[in-house]
$ cat structure26.cif   # mmCIF, C-alpha atoms, pLDDT in the B column; chains and numbers go by the auth columns
data_input
#
loop_
_atom_site.group_PDB
_atom_site.id
_atom_site.type_symbol
_atom_site.label_atom_id
_atom_site.label_comp_id
_atom_site.label_asym_id
_atom_site.label_seq_id
_atom_site.Cartn_x
_atom_site.Cartn_y
_atom_site.Cartn_z
_atom_site.B_iso_or_equiv
_atom_site.auth_seq_id
_atom_site.auth_asym_id
ATOM 1 C CA MET A 1 13.109 -5.319 -0.564 88.00 261 K
ATOM 2 C CA GLU A 2 13.654 -2.624 -3.184 94.00 262 K
ATOM 3 C CA GLU A 3 11.224 0.276 -3.384 95.00 263 K
ATOM 4 C CA SER A 4 10.284 -0.629 -6.961 95.00 264 K
ATOM 5 C CA LYS A 5 9.270 -4.136 -5.813 96.00 265 K
ATOM 6 C CA LYS A 6 7.222 -2.665 -2.957 96.00 266 K
ATOM 7 C CA LEU A 7 5.480 -0.263 -5.330 97.00 267 K
ATOM 8 C CA ALA A 8 4.729 -3.143 -7.712 96.00 268 K
ATOM 9 C CA LEU A 9 3.150 -5.116 -4.865 96.00 269 K
ATOM 10 C CA LEU A 10 1.026 -2.112 -3.891 96.00 270 K
ATOM 11 C CA GLU A 11 -0.034 -1.521 -7.491 95.00 271 K
ATOM 12 C CA GLU A 12 -1.121 -5.132 -7.700 94.00 272 K
ATOM 13 C CA ALA A 13 -3.036 -4.900 -4.411 93.00 273 K
ATOM 14 C CA PHE A 14 -4.735 -1.655 -5.501 93.00 274 K
ATOM 15 C CA GLU A 15 -5.385 -3.027 -9.023 93.00 275 K
ATOM 16 C CA MET A 16 -3.428 -0.182 -10.621 94.00 276 K
ATOM 17 C CA GLU A 17 -1.327 -0.096 -13.780 94.00 277 K
ATOM 18 C CA GLU A 18 2.414 -0.703 -13.484 93.00 278 K
ATOM 19 C CA GLY A 19 4.306 2.535 -12.844 94.00 279 K
ATOM 20 C CA GLU A 20 1.171 4.446 -11.844 95.00 280 K
ATOM 21 C CA LEU A 21 1.962 4.628 -8.127 96.00 281 K
ATOM 22 C CA LYS A 22 4.575 7.021 -6.709 96.00 282 K
ATOM 23 C CA ALA A 23 5.935 7.175 -3.165 97.00 283 K
ATOM 24 C CA ASP A 24 4.963 10.825 -2.638 97.00 284 K
ATOM 25 C CA MET A 25 1.306 10.342 -3.621 97.00 285 K
ATOM 26 C CA GLU A 26 -1.406 11.162 -1.083 97.00 286 K
ATOM 27 C CA LEU A 27 -3.565 8.096 -0.457 97.00 287 K
ATOM 28 C CA ASP A 28 -6.746 10.193 -0.387 94.00 288 K
ATOM 29 C CA GLY A 29 -6.028 11.235 -3.977 94.00 289 K
ATOM 30 C CA ILE A 30 -5.855 7.670 -5.298 93.00 290 K
ATOM 31 C CA ASP A 31 -9.225 6.599 -6.733 90.00 291 K
ATOM 32 C CA ASP A 32 -8.349 2.911 -6.411 88.00 292 K
ATOM 33 C CA TYR A 33 -7.520 3.235 -2.687 93.00 293 K
ATOM 34 C CA ASN A 34 -10.856 2.049 -1.340 93.00 294 K
ATOM 35 C CA SER A 35 -12.085 -0.528 1.177 93.00 295 K
ATOM 36 C CA MET A 36 -11.245 -3.433 -1.149 94.00 296 K
ATOM 37 C CA ALA A 37 -7.736 -2.062 -1.681 94.00 297 K
ATOM 38 C CA LYS A 38 -7.271 -1.763 2.071 95.00 298 K
ATOM 39 C CA LEU A 39 -8.327 -5.380 2.525 96.00 299 K
ATOM 40 C CA ALA A 40 -5.913 -6.418 -0.238 96.00 300 K
ATOM 41 C CA LEU A 41 -3.215 -4.376 1.531 96.00 301 K
ATOM 42 C CA ILE A 42 -3.765 -6.318 4.758 96.00 302 K
ATOM 43 C CA VAL A 43 -3.488 -9.650 2.921 96.00 303 K
ATOM 44 C CA MET A 44 -0.449 -8.561 0.885 95.00 304 K
ATOM 45 C CA MET A 45 1.335 -7.228 3.973 96.00 305 K
ATOM 46 C CA ASN A 46 0.822 -10.553 5.735 96.00 306 K
ATOM 47 C CA ASP A 47 1.773 -12.722 2.751 95.00 307 K
ATOM 48 C CA GLU A 48 4.706 -10.727 1.376 94.00 308 K
ATOM 49 C CA CYS A 49 6.121 -9.001 4.467 94.00 309 K
ATOM 50 C CA GLY A 50 4.989 -11.275 7.295 95.00 310 K
ATOM 51 C CA LYS A 51 3.464 -8.294 9.086 95.00 311 K
ATOM 52 C CA GLN A 52 0.049 -7.910 10.645 94.00 312 K
ATOM 53 C CA LEU A 53 -1.701 -4.680 9.725 94.00 313 K
ATOM 54 C CA THR A 54 -4.617 -3.269 11.715 93.00 314 K
ATOM 55 C CA ASN A 55 -7.351 -0.896 10.633 91.00 315 K
ATOM 56 C CA GLU A 56 -5.921 1.730 12.995 95.00 316 K
ATOM 57 C CA GLN A 57 -2.514 1.469 11.331 96.00 317 K
ATOM 58 C CA ILE A 58 -4.114 1.857 7.906 96.00 318 K
ATOM 59 C CA LYS A 59 -5.917 4.983 9.100 94.00 319 K
ATOM 60 C CA GLY A 60 -2.512 6.396 10.069 97.00 320 K
ATOM 61 C CA PHE A 61 -1.174 6.110 6.514 97.00 321 K
ATOM 62 C CA ASN A 62 -1.374 9.402 4.608 97.00 322 K
ATOM 63 C CA LYS A 63 1.053 8.853 1.747 97.00 323 K
ATOM 64 C CA VAL A 64 2.230 5.843 -0.206 97.00 324 K
ATOM 65 C CA GLN A 65 5.625 6.402 1.463 98.00 325 K
ATOM 66 C CA ASP A 66 4.032 5.636 4.856 98.00 326 K
ATOM 67 C CA ILE A 67 3.074 2.182 3.581 97.00 327 K
ATOM 68 C CA LEU A 68 6.503 1.661 2.015 97.00 328 K
ATOM 69 C CA ASP A 69 8.168 2.548 5.333 96.00 329 K
ATOM 70 C CA TYR A 70 5.938 0.108 7.214 95.00 330 K
ATOM 71 C CA MET A 71 6.792 -2.653 4.738 95.00 331 K
ATOM 72 C CA GLY A 72 10.412 -2.323 5.867 89.00 332 K
#

$ encode --input "structure26.cif" --output "structure tokens"
Amino acid sequence: MEESKKLALLEEAFEMEEGELKADMELDGIDDYNSMAKLALIVMMNDECGKQLTNEQIKGFNKVQDILDYMG
């Protein structure tokens, strides 16, 4: 999957505008990255990537790039 497609999926999960999310962004600096976004991330990862995501794995993500790398 192309990085632009992954970013679009994340923007949708985080309810962000298209093009707003960048790979080098720190997750702590994203206002929309809250508990609901994390839940949406778990669902999206399962539906779109076929991967199970745990709370511990989410805690290990520091940048958007970490999520992109996990998506494969």

$ resolve_selection --input "structure26.cif" --expression "the PyMOL selection byres ((chain K and resi 314) around 12)" --output "list in words"
Lys298, Leu299, Leu301, Ile302, Val303, Met305, Asn306, Lys311, Gln312, Leu313, Asn315, Glu316, Gln317, Ile318, Lys319, Gly320, Phe321 and Tyr330 of chain K

$ residues_around --input "structure26.cif" --residues "K:Leu269" --least-positions-apart "6" --cutoff "10 Å" --atoms "only C-alpha atoms" --output "PyMOL selection string"
chain K and resi 263+275+278+301+304-305+308

$ atom_distance --input "structure26.cif" --atom1 "atom CA of K:Ile327" --atom2 "atom CA of K:Asp292"
15.2 Å

$ resolve_selection --input "structure26.cif" --expression "the PyMOL selection byres ((chain K and resi 325) around 8)" --output "list in words"
Ala283, Asp284, Met285, Lys323, Val324, Asp326, Ile327, Leu328 and Asp329 of chain K

$ closest_residue --input "structure26.cif" --among "K:Ala273, K:Met296, K:Ala268, K:Met261" --to "K:Cys309" --atoms "only C-alpha atoms"
K:Met261

$ atom_distance --input "structure26.cif" --atom1 "atom CA of K:Lys265" --atom2 "atom CA of K:Met331"
10.9 Å

$ closest_residue --input "structure26.cif" --among "K:Leu270, K:Met276, K:Leu287, K:Leu281" --to "K:Asn322" --atoms "all atoms listed in the file"
K:Leu287

$ closest_residue --input "structure26.cif" --among "K:Asp307, K:Gly332, K:Asp288, K:Ala300" --to "K:Glu271" --atoms "only C-alpha atoms"
K:Ala300

$ decode --input "structure26.cif" --residues "stretch 267-304 of chain K" --atoms "N, CA and C atoms" --output "mmCIF file, in the first residue's frame"
data_model
loop_
_atom_site.group_PDB
_atom_site.id
_atom_site.type_symbol
_atom_site.label_atom_id
_atom_site.label_comp_id
_atom_site.auth_asym_id
_atom_site.auth_seq_id
_atom_site.Cartn_x
_atom_site.Cartn_y
_atom_site.Cartn_z
ATOM 1 N N LEU K 267 -1.725 7.293 4.733
ATOM 2 C CA LEU K 267 -1.991 8.569 5.394
ATOM 3 C C LEU K 267 -3.467 8.943 5.277
ATOM 4 N N ALA K 268 -4.063 8.676 4.125
ATOM 5 C CA ALA K 268 -5.490 8.968 3.934
ATOM 6 C C ALA K 268 -6.346 8.138 4.890
ATOM 7 N N LEU K 269 -5.985 6.878 5.079
ATOM 8 C CA LEU K 269 -6.719 6.029 6.018
ATOM 9 C C LEU K 269 -6.589 6.555 7.443
ATOM 10 N N LEU K 270 -5.386 6.991 7.809
ATOM 11 C CA LEU K 270 -5.174 7.537 9.153
ATOM 12 C C LEU K 270 -5.933 8.841 9.338
ATOM 13 N N GLU K 271 -5.920 9.691 8.319
ATOM 14 C CA GLU K 271 -6.668 10.951 8.412
ATOM 15 C C GLU K 271 -8.151 10.686 8.604
ATOM 16 N N GLU K 272 -8.653 9.690 7.919
ATOM 17 C CA GLU K 272 -10.061 9.327 8.077
ATOM 18 C C GLU K 272 -10.329 8.808 9.492
ATOM 19 N N ALA K 273 -9.452 7.950 9.986
ATOM 20 C CA ALA K 273 -9.621 7.392 11.332
ATOM 21 C C ALA K 273 -9.532 8.483 12.400
ATOM 22 N N PHE K 274 -8.659 9.465 12.191
ATOM 23 C CA PHE K 274 -8.465 10.536 13.174
ATOM 24 C C PHE K 274 -9.401 11.721 12.927
ATOM 25 N N GLU K 275 -10.269 11.605 11.904
ATOM 26 C CA GLU K 275 -11.204 12.660 11.534
ATOM 27 C C GLU K 275 -10.480 13.973 11.245
ATOM 28 N N MET K 276 -9.433 13.874 10.422
ATOM 29 C CA MET K 276 -8.633 15.028 10.031
ATOM 30 C C MET K 276 -8.894 15.357 8.563
ATOM 31 N N GLU K 277 -8.544 16.568 8.173
ATOM 32 C CA GLU K 277 -8.684 16.996 6.787
ATOM 33 C C GLU K 277 -7.642 16.293 5.915
ATOM 34 N N GLU K 278 -7.987 16.083 4.659
ATOM 35 C CA GLU K 278 -7.072 15.455 3.708
ATOM 36 C C GLU K 278 -5.805 16.299 3.565
ATOM 37 N N GLY K 279 -4.656 15.649 3.638
ATOM 38 C CA GLY K 279 -3.374 16.323 3.489
ATOM 39 C C GLY K 279 -2.837 16.946 4.763
ATOM 40 N N GLU K 280 -3.575 16.825 5.848
ATOM 41 C CA GLU K 280 -3.180 17.445 7.119
ATOM 42 C C GLU K 280 -2.106 16.640 7.857
ATOM 43 N N LEU K 281 -2.081 15.347 7.643
ATOM 44 C CA LEU K 281 -1.195 14.451 8.375
ATOM 45 C C LEU K 281 0.097 14.217 7.592
ATOM 46 N N LYS K 282 1.227 14.287 8.292
ATOM 47 C CA LYS K 282 2.538 14.044 7.694
ATOM 48 C C LYS K 282 3.250 12.939 8.479
ATOM 49 N N ALA K 283 4.071 12.170 7.787
ATOM 50 C CA ALA K 283 4.732 11.022 8.393
ATOM 51 C C ALA K 283 5.635 11.396 9.563
ATOM 52 N N ASP K 284 6.244 12.572 9.520
ATOM 53 C CA ASP K 284 7.200 12.951 10.570
ATOM 54 C C ASP K 284 6.562 13.643 11.772
ATOM 55 N N MET K 285 5.232 13.721 11.792
ATOM 56 C CA MET K 285 4.538 14.381 12.902
ATOM 57 C C MET K 285 4.588 13.536 14.172
ATOM 58 N N GLU K 286 4.789 14.222 15.302
ATOM 59 C CA GLU K 286 4.718 13.573 16.615
ATOM 60 C C GLU K 286 3.249 13.376 16.968
ATOM 61 N N LEU K 287 2.894 12.171 17.401
ATOM 62 C CA LEU K 287 1.499 11.887 17.732
ATOM 63 C C LEU K 287 1.000 12.743 18.891
ATOM 64 N N ASP K 288 1.854 13.031 19.857
ATOM 65 C CA ASP K 288 1.453 13.852 20.997
ATOM 66 C C ASP K 288 1.055 15.263 20.583
ATOM 67 N N GLY K 289 1.541 15.719 19.435
ATOM 68 C CA GLY K 289 1.238 17.058 18.958
ATOM 69 C C GLY K 289 -0.013 17.144 18.105
ATOM 70 N N ILE K 290 -0.689 16.034 17.892
ATOM 71 C CA ILE K 290 -1.889 16.002 17.062
ATOM 72 C C ILE K 290 -3.124 16.070 17.972
ATOM 73 N N ASP K 291 -3.845 17.173 17.893
ATOM 74 C CA ASP K 291 -5.020 17.374 18.757
ATOM 75 C C ASP K 291 -6.054 16.271 18.587
ATOM 76 N N ASP K 292 -6.213 15.794 17.351
ATOM 77 C CA ASP K 292 -7.239 14.787 17.067
ATOM 78 C C ASP K 292 -6.823 13.369 17.447
ATOM 79 N N TYR K 293 -5.589 13.190 17.940
ATOM 80 C CA TYR K 293 -5.125 11.859 18.338
ATOM 81 C C TYR K 293 -5.490 11.648 19.805
ATOM 82 N N ASN K 294 -6.728 11.192 20.000
ATOM 83 C CA ASN K 294 -7.255 10.992 21.349
ATOM 84 C C ASN K 294 -7.738 9.540 21.490
ATOM 85 N N SER K 295 -8.455 9.249 22.545
ATOM 86 C CA SER K 295 -8.887 7.873 22.798
ATOM 87 C C SER K 295 -9.816 7.357 21.697
ATOM 88 N N MET K 296 -10.666 8.225 21.156
ATOM 89 C CA MET K 296 -11.549 7.805 20.067
ATOM 90 C C MET K 296 -10.743 7.517 18.791
ATOM 91 N N ALA K 297 -9.727 8.319 18.548
ATOM 92 C CA ALA K 297 -8.875 8.101 17.377
ATOM 93 C C ALA K 297 -8.108 6.787 17.514
ATOM 94 N N LYS K 298 -7.682 6.488 18.724
ATOM 95 C CA LYS K 298 -6.959 5.231 18.951
ATOM 96 C C LYS K 298 -7.867 4.033 18.735
ATOM 97 N N LEU K 299 -9.110 4.146 19.157
ATOM 98 C CA LEU K 299 -10.085 3.080 18.917
ATOM 99 C C LEU K 299 -10.334 2.924 17.417
ATOM 100 N N ALA K 300 -10.485 4.047 16.726
ATOM 101 C CA ALA K 300 -10.673 4.015 15.268
ATOM 102 C C ALA K 300 -9.448 3.409 14.587
ATOM 103 N N LEU K 301 -8.264 3.682 15.126
ATOM 104 C CA LEU K 301 -7.027 3.112 14.583
ATOM 105 C C LEU K 301 -7.031 1.591 14.697
ATOM 106 N N ILE K 302 -7.479 1.081 15.822
ATOM 107 C CA ILE K 302 -7.549 -0.370 16.029
ATOM 108 C C ILE K 302 -8.492 -1.001 15.005
ATOM 109 N N VAL K 303 -9.658 -0.398 14.816
ATOM 110 C CA VAL K 303 -10.642 -0.918 13.866
ATOM 111 C C VAL K 303 -10.108 -0.840 12.438
ATOM 112 N N MET K 304 -9.537 0.317 12.069
ATOM 113 C CA MET K 304 -9.007 0.508 10.726
ATOM 114 C C MET K 304 -7.885 -0.479 10.439
#
